[in-house]
file protein.cif (mmCIF, C-alpha atoms (C1' of nucleotides))
data_protein
loop_
_atom_site.group_PDB
_atom_site.id
_atom_site.type_symbol
_atom_site.label_atom_id
_atom_site.label_comp_id
_atom_site.auth_asym_id
_atom_site.auth_seq_id
_atom_site.Cartn_x
_atom_site.Cartn_y
_atom_site.Cartn_z
ATOM 1 C CA MET A 1 30.850 2.966 55.330
ATOM 2 C CA ASP A 2 27.668 1.037 54.746
ATOM 3 C CA GLN A 3 27.915 -0.514 58.184
ATOM 4 C CA ILE A 4 28.954 2.392 60.346
ATOM 5 C CA GLY A 5 29.048 5.355 58.024
ATOM 6 C CA ASP A 6 25.815 6.943 59.166
ATOM 7 C CA LYS A 7 25.428 9.827 61.515
ATOM 8 C CA TRP A 8 24.788 7.868 64.697
ATOM 9 C CA SER A 9 26.505 4.483 64.775
ATOM 10 C CA MET A 10 29.904 5.710 65.899
ATOM 11 C CA LEU A 11 28.430 8.138 68.372
ATOM 12 C CA ILE A 12 26.451 5.333 69.941
ATOM 13 C CA MET A 13 29.564 3.199 70.135
ATOM 14 C CA ARG A 14 31.422 6.037 71.783
ATOM 15 C CA GLU A 15 28.630 6.305 74.303
ATOM 16 C CA CYS A 16 29.096 2.637 75.036
ATOM 17 C CA PHE A 17 32.808 3.124 75.579
ATOM 18 C CA LEU A 18 31.890 5.860 78.007
ATOM 19 C CA GLY A 19 29.856 3.353 79.931
ATOM 20 C CA THR A 20 26.335 3.970 78.731
ATOM 21 C CA ARG A 21 24.161 0.904 78.480
ATOM 22 C CA ARG A 22 20.546 1.890 78.896
ATOM 23 C CA PHE A 23 18.111 3.316 76.433
ATOM 24 C CA GLU A 24 17.343 6.374 78.478
ATOM 25 C CA ASP A 25 20.984 7.232 78.975
ATOM 26 C CA PHE A 26 21.710 7.065 75.269
ATOM 27 C CA TYR A 27 18.673 9.218 74.748
ATOM 28 C CA ASP A 28 19.740 11.800 77.316
ATOM 29 C CA HIS A 29 23.374 11.991 76.262
ATOM 30 C CA LEU A 30 23.102 11.953 72.515
ATOM 31 C CA GLY A 31 20.294 14.349 71.724
ATOM 32 C CA ILE A 32 18.777 11.787 69.414
ATOM 33 C CA SER A 33 15.078 11.191 69.037
ATOM 34 C CA LYS A 34 13.665 8.062 70.588
ATOM 35 C CA SER A 35 12.398 6.598 67.367
ATOM 36 C CA VAL A 36 15.728 7.021 65.647
ATOM 37 C CA LEU A 37 17.573 5.667 68.662
ATOM 38 C CA SER A 38 15.296 2.689 68.791
ATOM 39 C CA GLY A 39 15.926 1.924 65.148
ATOM 40 C CA LYS A 40 19.679 2.378 65.432
ATOM 41 C CA LEU A 41 19.991 0.149 68.484
ATOM 42 C CA LYS A 42 18.006 -2.543 66.766
ATOM 43 C CA LYS A 43 20.068 -2.292 63.635
ATOM 44 C CA MET A 44 23.297 -2.389 65.607
ATOM 45 C CA VAL A 45 22.147 -5.486 67.436
ATOM 46 C CA ASP A 46 21.447 -7.065 64.056
ATOM 47 C CA GLN A 47 24.893 -6.054 62.880
ATOM 48 C CA GLY A 48 26.491 -7.668 65.889
ATOM 49 C CA LEU A 49 27.737 -4.330 67.161
ATOM 50 C CA LEU A 50 25.662 -4.493 70.322
ATOM 51 C CA LYS A 51 24.089 -7.222 72.314
ATOM 52 C CA LYS A 52 20.897 -6.727 74.247
ATOM 53 C CA THR A 53 21.018 -8.422 77.597
ATOM 54 C CA PRO A 54 18.463 -8.549 80.378
ATOM 55 C CA TYR A 55 19.245 -7.430 83.887
ATOM 56 C CA GLN A 56 17.180 -6.919 86.960
ATOM 57 C CA ASN A 57 17.543 -4.602 89.925
ATOM 58 C CA GLU A 58 16.214 -5.599 93.335
ATOM 59 C CA GLY A 59 12.477 -5.684 93.207
ATOM 60 C CA GLU A 60 12.216 -4.054 89.804
ATOM 61 C CA ARG A 61 11.014 -5.583 86.617
ATOM 62 C CA THR A 62 13.435 -6.917 84.070
ATOM 63 C CA ARG A 63 15.200 -4.321 81.996
ATOM 64 C CA TYR A 64 17.495 -4.610 79.040
ATOM 65 C CA GLU A 65 20.805 -3.048 78.410
ATOM 66 C CA TYR A 66 22.977 -2.718 75.355
ATOM 67 C CA ARG A 67 26.527 -3.872 75.635
ATOM 68 C CA LEU A 68 29.468 -3.867 73.316
ATOM 69 C CA THR A 69 30.447 -7.017 71.468
ATOM 70 C CA GLN A 70 33.918 -8.068 70.418
ATOM 71 C CA LYS A 71 33.215 -6.551 67.032
ATOM 72 C CA SER A 72 32.421 -3.154 68.454
ATOM 73 C CA ARG A 73 35.093 -3.372 71.142
ATOM 74 C CA ASP A 74 37.589 -3.812 68.341
ATOM 75 C CA PHE A 75 36.267 -0.615 66.891
ATOM 76 C CA ARG A 76 37.789 1.270 69.767
ATOM 77 C CA LYS A 77 41.019 1.843 67.903
ATOM 78 C CA VAL A 78 39.149 3.678 65.202
ATOM 79 C CA LEU A 79 37.464 5.863 67.764
ATOM 80 C CA ILE A 80 40.781 6.557 69.455
ATOM 81 C CA GLY A 81 42.197 7.662 66.130
ATOM 82 C CA LEU A 82 39.188 9.807 65.429
ATOM 83 C CA LEU A 83 39.357 11.371 68.857
ATOM 84 C CA SER A 84 43.062 12.163 68.539
ATOM 85 C CA TRP A 85 42.480 13.671 65.136
ATOM 86 C CA SER A 86 39.574 15.811 66.236
ATOM 87 C CA ASN A 87 41.421 16.948 69.338
ATOM 88 C CA LYS A 88 44.217 18.087 67.067
ATOM 89 C CA TYR A 89 42.239 19.692 64.265
ATOM 90 C CA LEU A 90 38.711 20.400 65.346
ATOM 91 C CA VAL A 91 38.966 21.440 68.976
ATOM 92 C CA GLU A 92 40.734 24.603 69.971
ATOM 93 C CA GLU A 93 43.859 23.812 71.939
ATOM 94 C CA GLY A 94 43.101 23.533 75.608
ATOM 95 C CA ASN A 95 39.432 22.942 75.019
ATOM 96 C CA GLU A 96 39.614 19.207 74.530
ATOM 97 C CA THR A 97 37.032 17.464 76.640
ATOM 98 C CA MET A 98 37.718 13.827 75.900
ATOM 99 C CA TYR A 99 40.836 11.767 76.297
ATOM 100 C CA ILE A 100 42.038 8.207 76.222
ATOM 101 C CA LEU A 101 44.038 7.165 79.247
ATOM 102 C CA ASP A 102 45.694 3.963 80.362
ATOM 103 C CA SER A 103 45.189 2.417 83.764
ATOM 104 C CA ASN A 104 47.703 4.830 85.288
ATOM 105 C CA ASP A 105 45.900 7.828 83.822
ATOM 106 C CA ASN A 106 48.626 8.441 81.295
ATOM 107 C CA PRO A 107 47.482 9.533 77.858
ATOM 108 C CA VAL A 108 47.780 7.021 75.051
ATOM 109 C CA HIS A 109 47.789 7.388 71.297
ATOM 110 C CA LEU A 110 47.965 5.240 68.206
ATOM 111 C CA GLU A 111 51.096 4.156 66.442
ATOM 112 C CA VAL A 112 51.527 2.358 63.182
ATOM 113 C CA VAL A 113 53.711 -0.667 63.785
ATOM 114 C CA ASP A 114 54.892 -3.731 61.936
ATOM 115 C CA ASP A 115 54.500 -7.290 63.150
ATOM 116 C CA GLU A 116 57.441 -6.915 65.532
ATOM 117 C CA LEU A 117 55.837 -3.811 67.022
ATOM 118 C CA ASN A 118 58.482 -1.550 65.526
ATOM 119 C CA SER A 119 57.045 1.847 64.908
ATOM 120 C CA VAL A 120 56.598 2.688 61.225
ATOM 121 C CA PRO A 121 56.475 6.344 60.158
ATOM 122 C CA LEU A 122 53.222 7.191 58.447
ATOM 123 C CA ARG A 123 54.945 8.306 55.307
ATOM 124 C CA GLU A 124 56.536 4.934 54.856
ATOM 125 C CA THR A 125 53.160 3.262 54.713
ATOM 126 C CA ARG A 126 51.252 2.606 51.523
ATOM 127 C CA MET A 127 47.672 1.660 50.964
ATOM 128 C CA VAL A 128 47.529 -0.990 48.270
ATOM 129 C CA ILE A 129 44.804 -2.740 46.385
ATOM 130 C CA LYS A 130 45.247 -6.381 45.558
ATOM 131 C CA SER A 131 43.858 -6.395 42.035
ATOM 132 C CA LYS A 132 43.830 -9.525 39.948
ATOM 133 C CA SER A 133 43.669 -7.613 36.716
ATOM 134 C CA GLY A 134 45.831 -4.598 36.200
ATOM 135 C CA ASP A 135 42.894 -2.242 35.983
ATOM 136 C CA ARG A 136 43.870 -0.409 39.102
ATOM 137 C CA PRO A 137 47.397 0.349 40.214
ATOM 138 C CA SER A 138 48.317 -1.563 43.322
ATOM 139 C CA PHE A 139 51.131 0.791 44.043
ATOM 140 C CA VAL A 140 50.615 4.308 45.203
ATOM 141 C CA MET B 141 31.032 13.389 62.657
ATOM 142 C CA ASP B 142 29.864 16.723 61.330
ATOM 143 C CA GLN B 143 33.109 17.162 59.445
ATOM 144 C CA ILE B 144 33.694 13.741 57.990
ATOM 145 C CA GLY B 145 30.684 11.702 59.016
ATOM 146 C CA ASP B 146 28.945 11.743 55.666
ATOM 147 C CA LYS B 147 28.901 9.015 53.117
ATOM 148 C CA TRP B 148 31.684 10.266 50.881
ATOM 149 C CA SER B 149 34.354 12.230 52.760
ATOM 150 C CA MET B 150 36.317 9.267 54.022
ATOM 151 C CA LEU B 151 36.012 7.435 50.740
ATOM 152 C CA ILE B 152 37.404 10.440 48.917
ATOM 153 C CA MET B 153 40.278 10.615 51.379
ATOM 154 C CA ARG B 154 40.963 6.956 50.849
ATOM 155 C CA GLU B 155 41.070 7.574 47.127
ATOM 156 C CA CYS B 156 43.640 10.258 47.762
ATOM 157 C CA PHE B 157 45.753 7.862 49.787
ATOM 158 C CA LEU B 158 45.550 5.502 46.845
ATOM 159 C CA GLY B 159 47.023 8.209 44.689
ATOM 160 C CA THR B 160 44.005 9.738 43.016
ATOM 161 C CA ARG B 161 44.191 13.450 42.406
ATOM 162 C CA ARG B 162 42.043 14.359 39.446
ATOM 163 C CA PHE B 163 38.335 14.903 39.201
ATOM 164 C CA GLU B 164 37.798 12.301 36.550
ATOM 165 C CA ASP B 165 39.678 9.648 38.465
ATOM 166 C CA PHE B 166 37.642 10.222 41.597
ATOM 167 C CA TYR B 167 34.581 10.045 39.408
ATOM 168 C CA ASP B 168 35.612 6.802 37.755
ATOM 169 C CA HIS B 169 36.773 5.040 40.906
ATOM 170 C CA LEU B 170 34.100 6.017 43.356
ATOM 171 C CA GLY B 171 30.856 5.575 41.470
ATOM 172 C CA ILE B 172 29.743 8.977 42.621
ATOM 173 C CA SER B 173 27.777 11.410 40.534
ATOM 174 C CA LYS B 174 29.620 14.401 39.209
ATOM 175 C CA SER B 175 27.468 16.951 40.925
ATOM 176 C CA VAL B 176 27.889 15.320 44.308
ATOM 177 C CA LEU B 177 31.605 14.874 43.739
ATOM 178 C CA SER B 178 31.938 18.497 42.766
ATOM 179 C CA GLY B 179 30.185 19.591 45.930
ATOM 180 C CA LYS B 180 32.182 17.274 48.171
ATOM 181 C CA LEU B 181 35.524 18.327 46.745
ATOM 182 C CA LYS B 182 34.621 21.947 47.193
ATOM 183 C CA LYS B 183 33.482 21.371 50.741
ATOM 184 C CA MET B 184 36.623 19.417 51.557
ATOM 185 C CA VAL B 185 38.793 22.208 50.204
ATOM 186 C CA ASP B 186 36.903 24.610 52.447
ATOM 187 C CA GLN B 187 37.443 22.289 55.382
ATOM 188 C CA GLY B 188 41.160 22.186 54.727
ATOM 189 C CA LEU B 189 41.033 18.498 53.928
ATOM 190 C CA LEU B 190 42.151 18.980 50.339
ATOM 191 C CA LYS B 191 44.015 21.636 48.486
ATOM 192 C CA LYS B 192 43.358 22.411 44.866
ATOM 193 C CA THR B 193 46.544 23.045 42.978
ATOM 194 C CA PRO B 194 47.116 23.827 39.316
ATOM 195 C CA TYR B 195 49.358 21.747 37.142
ATOM 196 C CA GLN B 196 50.076 21.693 33.450
ATOM 197 C CA ASN B 197 51.113 18.928 31.131
ATOM 198 C CA GLU B 198 53.210 19.686 28.048
ATOM 199 C CA GLY B 199 51.132 21.654 25.627
ATOM 200 C CA GLU B 200 47.890 21.178 27.490
ATOM 201 C CA ARG B 201 45.829 23.738 29.251
ATOM 202 C CA THR B 202 46.083 24.208 32.975
ATOM 203 C CA ARG B 203 44.342 21.600 35.042
ATOM 204 C CA TYR B 204 43.723 21.308 38.726
ATOM 205 C CA GLU B 205 44.322 18.461 41.062
ATOM 206 C CA TYR B 206 43.257 17.767 44.598
ATOM 207 C CA ARG B 207 45.928 16.888 47.074
ATOM 208 C CA LEU B 208 45.929 15.889 50.676
ATOM 209 C CA THR B 209 46.752 18.435 53.345
ATOM 210 C CA GLN B 210 48.440 17.781 56.654
ATOM 211 C CA LYS B 211 45.013 17.616 58.212
ATOM 212 C CA SER B 212 43.846 14.859 55.905
ATOM 213 C CA ARG B 213 47.206 13.100 55.899
ATOM 214 C CA ASP B 214 46.855 12.832 59.647
ATOM 215 C CA PHE B 215 43.569 11.139 59.051
ATOM 216 C CA ARG B 216 45.392 8.164 57.657
ATOM 217 C CA LYS B 217 45.572 6.462 61.027
ATOM 218 C CA VAL B 218 41.820 6.489 61.249
ATOM 219 C CA LEU B 219 41.552 4.932 57.813
ATOM 220 C CA ILE B 220 44.124 2.307 58.722
ATOM 221 C CA GLY B 221 42.069 1.411 61.763
ATOM 222 C CA LEU B 222 38.914 1.290 59.752
ATOM 223 C CA LEU B 223 40.534 -0.865 57.118
ATOM 224 C CA SER B 224 41.911 -3.317 59.679
ATOM 225 C CA TRP B 225 38.530 -3.536 61.325
ATOM 226 C CA SER B 226 36.646 -4.105 58.110
ATOM 227 C CA ASN B 227 39.168 -6.684 56.944
ATOM 228 C CA LYS B 228 38.563 -8.526 60.192
ATOM 229 C CA TYR B 229 34.798 -8.259 60.453
ATOM 230 C CA LEU B 230 33.278 -7.321 57.142
ATOM 231 C CA VAL B 231 35.352 -9.125 54.550
ATOM 232 C CA GLU B 232 35.371 -12.881 54.345
ATOM 233 C CA GLU B 233 38.775 -14.237 55.253
ATOM 234 C CA GLY B 234 40.991 -14.419 52.225
ATOM 235 C CA ASN B 235 38.905 -11.944 50.274
ATOM 236 C CA GLU B 236 40.576 -8.807 51.545
ATOM 237 C CA THR B 237 41.499 -6.537 48.706
ATOM 238 C CA MET B 238 43.172 -3.675 50.510
ATOM 239 C CA TYR B 239 46.162 -3.606 52.812
ATOM 240 C CA ILE B 240 48.530 -1.213 54.454
ATOM 241 C CA LEU B 241 52.173 -2.040 53.915
ATOM 242 C CA ASP B 242 55.423 -0.458 54.967
ATOM 243 C CA SER B 243 58.246 0.319 52.582
ATOM 244 C CA ASN B 244 59.378 -3.306 52.682
ATOM 245 C CA ASP B 245 55.917 -4.568 51.819
ATOM 246 C CA ASN B 246 55.366 -5.884 55.314
ATOM 247 C CA PRO B 247 51.877 -5.462 56.695
ATOM 248 C CA VAL B 248 51.416 -2.883 59.422
ATOM 249 C CA HIS B 249 48.705 -2.352 61.982
ATOM 250 C CA LEU B 250 47.776 0.042 64.746
ATOM 251 C CA GLU B 251 48.818 -0.258 68.344
ATOM 252 C CA VAL B 252 47.739 1.761 71.318
ATOM 253 C CA VAL B 253 50.845 3.042 73.063
ATOM 254 C CA ASP B 254 51.755 5.411 75.849
ATOM 255 C CA ASP B 255 54.162 8.297 75.524
ATOM 256 C CA GLU B 256 57.168 5.973 75.757
ATOM 257 C CA LEU B 257 55.759 3.858 72.936
ATOM 258 C CA ASN B 258 55.020 0.987 75.277
ATOM 259 C CA SER B 259 52.113 -0.988 73.969
ATOM 260 C CA VAL B 260 48.966 -0.650 76.057
ATOM 261 C CA PRO B 261 46.345 -3.402 75.915
ATOM 262 C CA LEU B 262 43.020 -2.082 74.719
ATOM 263 C CA ARG B 263 41.247 -3.195 77.834
ATOM 264 C CA GLU B 264 43.496 -1.071 79.973
ATOM 265 C CA THR B 265 42.430 2.072 78.178
ATOM 266 C CA ARG B 266 39.580 4.277 79.259
ATOM 267 C CA MET B 267 37.763 7.007 77.444
ATOM 268 C CA VAL B 268 37.191 9.873 79.815
ATOM 269 C CA ILE B 269 35.326 13.133 79.672
ATOM 270 C CA LYS B 270 36.836 16.132 81.365
ATOM 271 C CA SER B 271 33.710 17.596 82.909
ATOM 272 C CA LYS B 272 33.872 20.703 85.039
ATOM 273 C CA SER B 273 30.603 19.939 86.755
ATOM 274 C CA GLY B 274 29.836 16.468 87.929
ATOM 275 C CA ASP B 275 26.969 16.068 85.524
ATOM 276 C CA ARG B 276 28.682 13.361 83.585
ATOM 277 C CA PRO B 277 30.930 10.692 85.050
ATOM 278 C CA SER B 278 34.500 11.073 83.887
ATOM 279 C CA PHE B 279 35.264 7.526 84.810
ATOM 280 C CA VAL B 280 34.023 4.597 82.844
ATOM 281 C "C1'" DC C 281 38.054 17.541 30.650
ATOM 282 C "C1'" DA C 282 36.132 19.595 34.720
ATOM 283 C "C1'" DG C 283 32.827 20.855 36.429
ATOM 284 C "C1'" DT C 284 27.660 23.497 37.389
ATOM 285 C "C1'" DA C 285 22.464 23.691 37.292
ATOM 286 C "C1'" DT C 286 18.236 21.465 37.778
ATOM 287 C "C1'" DC C 287 15.104 18.028 38.974
ATOM 288 C "C1'" DC C 288 13.253 14.540 41.533
ATOM 289 C "C1'" DG C 289 12.814 10.464 44.389
ATOM 290 C "C1'" DG C 290 14.524 8.088 48.517
ATOM 291 C "C1'" DT C 291 16.345 8.402 53.084
ATOM 292 C "C1'" DC C 292 16.942 10.270 57.554
ATOM 293 C "C1'" DT C 293 15.266 13.216 61.330
ATOM 294 C "C1'" DG C 294 12.887 15.034 65.043
ATOM 295 C "C1'" DA C 295 8.252 15.884 67.012
ATOM 296 C "C1'" DT C 296 4.435 14.014 68.698
ATOM 297 C "C1'" DA C 297 1.511 10.622 70.261
ATOM 298 C "C1'" DC C 298 0.817 6.136 71.860
ATOM 299 C "C1'" DT C 299 1.716 1.322 74.496
ATOM 300 C "C1'" DG C 300 2.953 -2.275 78.019
ATOM 301 C "C1'" DC D 301 10.855 3.272 81.767
ATOM 302 C "C1'" DA D 302 11.563 1.535 77.213
ATOM 303 C "C1'" DG D 303 10.282 1.627 73.497
ATOM 304 C "C1'" DT D 304 6.881 1.714 68.675
ATOM 305 C "C1'" DA D 305 3.953 4.200 65.127
ATOM 306 C "C1'" DT D 306 3.215 7.895 62.325
ATOM 307 C "C1'" DC D 307 4.169 11.906 59.817
ATOM 308 C "C1'" DA D 308 6.042 16.039 57.465
ATOM 309 C "C1'" DG D 309 10.129 18.311 56.307
ATOM 310 C "C1'" DA D 310 15.201 18.532 55.452
ATOM 311 C "C1'" DC D 311 18.699 16.544 53.222
ATOM 312 C "C1'" DC D 312 21.236 13.601 50.071
ATOM 313 C "C1'" DG D 313 22.164 11.296 46.080
ATOM 314 C "C1'" DG D 314 21.932 10.071 41.161
ATOM 315 C "C1'" DA D 315 20.512 11.195 36.324
ATOM 316 C "C1'" DT D 316 20.491 14.333 32.966
ATOM 317 C "C1'" DA D 317 21.589 18.311 30.539
ATOM 318 C "C1'" DC D 318 24.488 22.117 30.020
ATOM 319 C "C1'" DT D 319 29.089 25.213 29.906
ATOM 320 C "C1'" DG D 320 33.946 26.991 29.207
#
call {"tool": "encode", "arguments": {"input": "protein.cif", "output": "structure tokens"}}
result
Amino acid sequence: MDQIGDKWSMLIMRECFLGTRRFEDFYDHLGISKSVLSGKLKKMVDQGLLKKTPYQNEGERTRYEYRLTQKSRDFRKVLIGLLSWSNKYLVEEGNETMYILDSNDNPVHLEVVDDELNSVPLRETRMVIKSKSGDRPSFV
Amino acid sequence: MDQIGDKWSMLIMRECFLGTRRFEDFYDHLGISKSVLSGKLKKMVDQGLLKKTPYQNEGERTRYEYRLTQKSRDFRKVLIGLLSWSNKYLVEEGNETMYILDSNDNPVHLEVVDDELNSVPLRETRMVIKSKSGDRPSFV
DNA sequence: CAGTATCCGGTCTGATACTG
DNA sequence: CAGTATCAGACCGGATACTG
């Protein structure tokens, strides 16, 4: 939560997954103020969530764009989960405006699987803490 | 992000997945102040993320505990994704202290799948916006 | 135990203005 | 266009004290 638990980090990453790369486009799409956006982008570059790379259009001066890194690309699963959840619980049925599709435009979702890719029902999963001392139960 | 994008909501849900139900236990485990915890629990009950149910131990007065709802139970996938991500990028290898296991204590992870449960590589997925007007590209 | 009320300082935000 | 600087207000969070 310290890394990405603020109001904007995930929204900026989602923007990136939607294809946004330039300062102005983030600004236009997110409804964020420029100063805040500037600070967030900088912080996310520092965190290794974005990389700032130069590019140049014909005859224009050099510009910079913000691209995902492996670290933030791997965050996509979290965003997929969040999107599925919000489509189910926060958006009125039929009003969903965002989806995740595969290359054949079929919808995809997340499954919990074991190492052999066998699906594991959610209720058979447990979140455990590896505690050296017994101060906290490792079974739930 | 408006619903669960604050500092504490997801951490409280994680506590619930770890088995915590009572005010004092949240308080002890999370390092949160009582007033903030009180407010968050109340808000999460309002949001349908927790339900407050009475219980009574032998000879004690009635107490209340906070339990997950279907809405928050469905949030588990998001937390699994977040945990996998943070284990990979934020925790030094070998120092992970939390895991998700199935009923045979085998580790589980998230996979993106289509409706037939065929695994879909992340890079073949696209996040799209269903826009009525053409103001925002629906392809990425 | 399970909270609520109050205070107060730090953080985050957007608005505005400015720069190369 | 792509930011940075500044600023005032909202908001959040913890500490403390209090209640049934």
call {"tool": "interface_residues", "arguments": {"input": "protein.cif", "of": "chain A", "to": "chain D", "cutoff": "10 Å", "atoms": "only C-alpha atoms (C1' of nucleotides)", "output": "list in words"}}
result
Arg22, Phe23, Glu24, Lys34, Ser35, Leu37, Ser38, Gly39, Arg63 and Tyr64 of chain A
call {"tool": "axis_aligned_box", "arguments": {"input": "protein.cif", "around": "region 301-305 of chain D", "padding_each_side": "4 Å", "output": "JSON"}}
result
{"center_x": 7.8, "center_y": 2.9, "center_z": 73.4, "size_x": 15.6, "size_y": 10.7, "size_z": 24.6}
call {"tool": "resolve_selection", "arguments": {"input": "protein.cif", "expression": "the PyMOL selection byres ((chain B and resi 251-258) around 9)", "output": "PyMOL selection string"}}
result
(chain A and resi 77+80+101-102+106-113+117+119) or (chain B and resi 249-250+259-262+265)
call {"tool": "atom_distance", "arguments": {"input": "protein.cif", "atom1": "CA of Val128 (chain A)", "atom2": "CA of Leu158 (chain B)"}}
result
6.9 Å
call {"tool": "calpha_fit_and_write", "arguments": {"input": "protein.cif", "fixed": "chain A", "moving": "chain B", "output": "short mmCIF file (atom, residue, chain, number, x, y, z; two decimals) with C-alpha atoms, in the frame of the given file"}}
result
data_model
loop_
_atom_site.label_atom_id
_atom_site.label_comp_id
_atom_site.auth_asym_id
_atom_site.auth_seq_id
_atom_site.Cartn_x
_atom_site.Cartn_y
_atom_site.Cartn_z
CA MET B 141 30.85 2.99 55.37
CA ASP B 142 27.65 1.09 54.77
CA GLN B 143 27.89 -0.49 58.20
CA ILE B 144 28.94 2.40 60.37
CA GLY B 145 29.05 5.39 58.05
CA ASP B 146 25.83 6.98 59.21
CA LYS B 147 25.45 9.85 61.57
CA TRP B 148 24.80 7.91 64.75
CA SER B 149 26.51 4.50 64.81
CA MET B 150 29.91 5.71 65.91
CA LEU B 151 28.45 8.13 68.41
CA ILE B 152 26.45 5.33 69.97
CA MET B 153 29.57 3.19 70.16
CA ARG B 154 31.42 6.02 71.80
CA GLU B 155 28.64 6.28 74.34
CA CYS B 156 29.10 2.61 75.05
CA PHE B 157 32.81 3.10 75.59
CA LEU B 158 31.90 5.83 78.03
CA GLY B 159 29.86 3.31 79.95
CA THR B 160 26.34 3.92 78.74
CA ARG B 161 24.16 0.86 78.47
CA ARG B 162 20.55 1.84 78.89
CA PHE B 163 18.12 3.31 76.43
CA GLU B 164 17.34 6.34 78.49
CA ASP B 165 20.99 7.19 79.01
CA PHE B 166 21.73 7.03 75.31
CA TYR B 167 18.69 9.20 74.80
CA ASP B 168 19.76 11.76 77.38
CA HIS B 169 23.40 11.95 76.34
CA LEU B 170 23.14 11.93 72.60
CA GLY B 171 20.34 14.35 71.82
CA ILE B 172 18.81 11.81 69.50
CA SER B 173 15.12 11.23 69.10
CA LYS B 174 13.70 8.10 70.62
CA SER B 175 12.43 6.67 67.40
CA VAL B 176 15.77 7.06 65.67
CA LEU B 177 17.60 5.69 68.69
CA SER B 178 15.29 2.72 68.80
CA GLY B 179 15.94 1.98 65.15
CA LYS B 180 19.70 2.41 65.44
CA LEU B 181 20.00 0.17 68.48
CA LYS B 182 17.99 -2.50 66.76
CA LYS B 183 20.07 -2.24 63.62
CA MET B 184 23.29 -2.37 65.61
CA VAL B 185 22.14 -5.49 67.42
CA ASP B 186 21.43 -7.05 64.04
CA GLN B 187 24.88 -6.04 62.86
CA GLY B 188 26.48 -7.67 65.86
CA LEU B 189 27.73 -4.35 67.15
CA LEU B 190 25.65 -4.51 70.31
CA LYS B 191 24.06 -7.25 72.29
CA LYS B 192 20.87 -6.76 74.21
CA THR B 193 20.98 -8.46 77.56
CA PRO B 194 18.41 -8.58 80.34
CA TYR B 195 19.19 -7.48 83.84
CA GLN B 196 17.10 -6.97 86.93
CA ASN B 197 17.48 -4.66 89.87
CA GLU B 198 16.13 -5.66 93.29
CA GLY B 199 12.39 -5.72 93.14
CA GLU B 200 12.15 -4.11 89.74
CA ARG B 201 10.95 -5.61 86.54
CA THR B 202 13.37 -6.96 84.00
CA ARG B 203 15.15 -4.37 81.94
CA TYR B 204 17.46 -4.64 79.01
CA GLU B 205 20.80 -3.09 78.40
CA TYR B 206 22.97 -2.76 75.36
CA ARG B 207 26.52 -3.93 75.63
CA LEU B 208 29.47 -3.90 73.32
CA THR B 209 30.43 -7.03 71.45
CA GLN B 210 33.91 -8.08 70.42
CA LYS B 211 33.21 -6.57 67.04
CA SER B 212 32.41 -3.16 68.47
CA ARG B 213 35.09 -3.38 71.14
CA ASP B 214 37.58 -3.82 68.34
CA PHE B 215 36.26 -0.62 66.90
CA ARG B 216 37.80 1.26 69.76
CA LYS B 217 41.03 1.84 67.90
CA VAL B 218 39.16 3.65 65.19
CA LEU B 219 37.47 5.86 67.76
CA ILE B 220 40.79 6.55 69.45
CA GLY B 221 42.20 7.65 66.12
CA LEU B 222 39.20 9.79 65.41
CA LEU B 223 39.37 11.37 68.83
CA SER B 224 43.08 12.15 68.51
CA TRP B 225 42.49 13.66 65.11
CA SER B 226 39.59 15.80 66.21
CA ASN B 227 41.45 16.95 69.31
CA LYS B 228 44.26 18.07 67.03
CA TYR B 229 42.28 19.68 64.23
CA LEU B 230 38.75 20.40 65.31
CA VAL B 231 39.02 21.44 68.93
CA GLU B 232 40.78 24.62 69.92
CA GLU B 233 43.90 23.84 71.89
CA GLY B 234 43.13 23.55 75.55
CA ASN B 235 39.45 22.97 74.96
CA GLU B 236 39.62 19.23 74.51
CA THR B 237 37.05 17.50 76.63
CA MET B 238 37.73 13.87 75.87
CA TYR B 239 40.86 11.79 76.27
CA ILE B 240 42.03 8.24 76.20
CA LEU B 241 44.04 7.22 79.23
CA ASP B 242 45.70 4.03 80.35
CA SER B 243 45.20 2.50 83.77
CA ASN B 244 47.70 4.94 85.27
CA ASP B 245 45.90 7.92 83.80
CA ASN B 246 48.63 8.52 81.27
CA PRO B 247 47.49 9.61 77.84
CA VAL B 248 47.79 7.07 75.05
CA HIS B 249 47.80 7.42 71.30
CA LEU B 250 47.97 5.27 68.20
CA GLU B 251 51.11 4.19 66.45
CA VAL B 252 51.53 2.38 63.19
CA VAL B 253 53.74 -0.64 63.80
CA ASP B 254 54.92 -3.70 61.94
CA ASP B 255 54.53 -7.25 63.16
CA GLU B 256 57.47 -6.87 65.55
CA LEU B 257 55.87 -3.76 67.04
CA ASN B 258 58.51 -1.52 65.53
CA SER B 259 57.06 1.89 64.91
CA VAL B 260 56.62 2.72 61.23
CA PRO B 261 56.50 6.36 60.16
CA LEU B 262 53.24 7.20 58.45
CA ARG B 263 54.96 8.32 55.31
CA GLU B 264 56.55 4.94 54.87
CA THR B 265 53.18 3.25 54.71
CA ARG B 266 51.27 2.59 51.54
CA MET B 267 47.69 1.63 50.98
CA VAL B 268 47.55 -1.01 48.30
CA ILE B 269 44.81 -2.76 46.41
CA LYS B 270 45.25 -6.40 45.59
CA SER B 271 43.89 -6.40 42.07
CA LYS B 272 43.85 -9.56 40.00
CA SER B 273 43.64 -7.66 36.75
CA GLY B 274 45.78 -4.64 36.17
CA ASP B 275 42.81 -2.33 35.99
CA ARG B 276 43.78 -0.49 39.11
CA PRO B 277 47.32 0.28 40.20
CA SER B 278 48.26 -1.57 43.35
CA PHE B 279 51.08 0.80 44.00
CA VAL B 280 50.56 4.31 45.18
#
call {"tool": "resolve_selection", "arguments": {"input": "protein.cif", "expression": "the PyMOL selection byres ((chain A and resi 84-88) around 10)", "output": "PyMOL selection string"}}
result
(chain A and resi 78-83+89-100+108-110) or (chain B and resi 141+143+211-212+214-218)
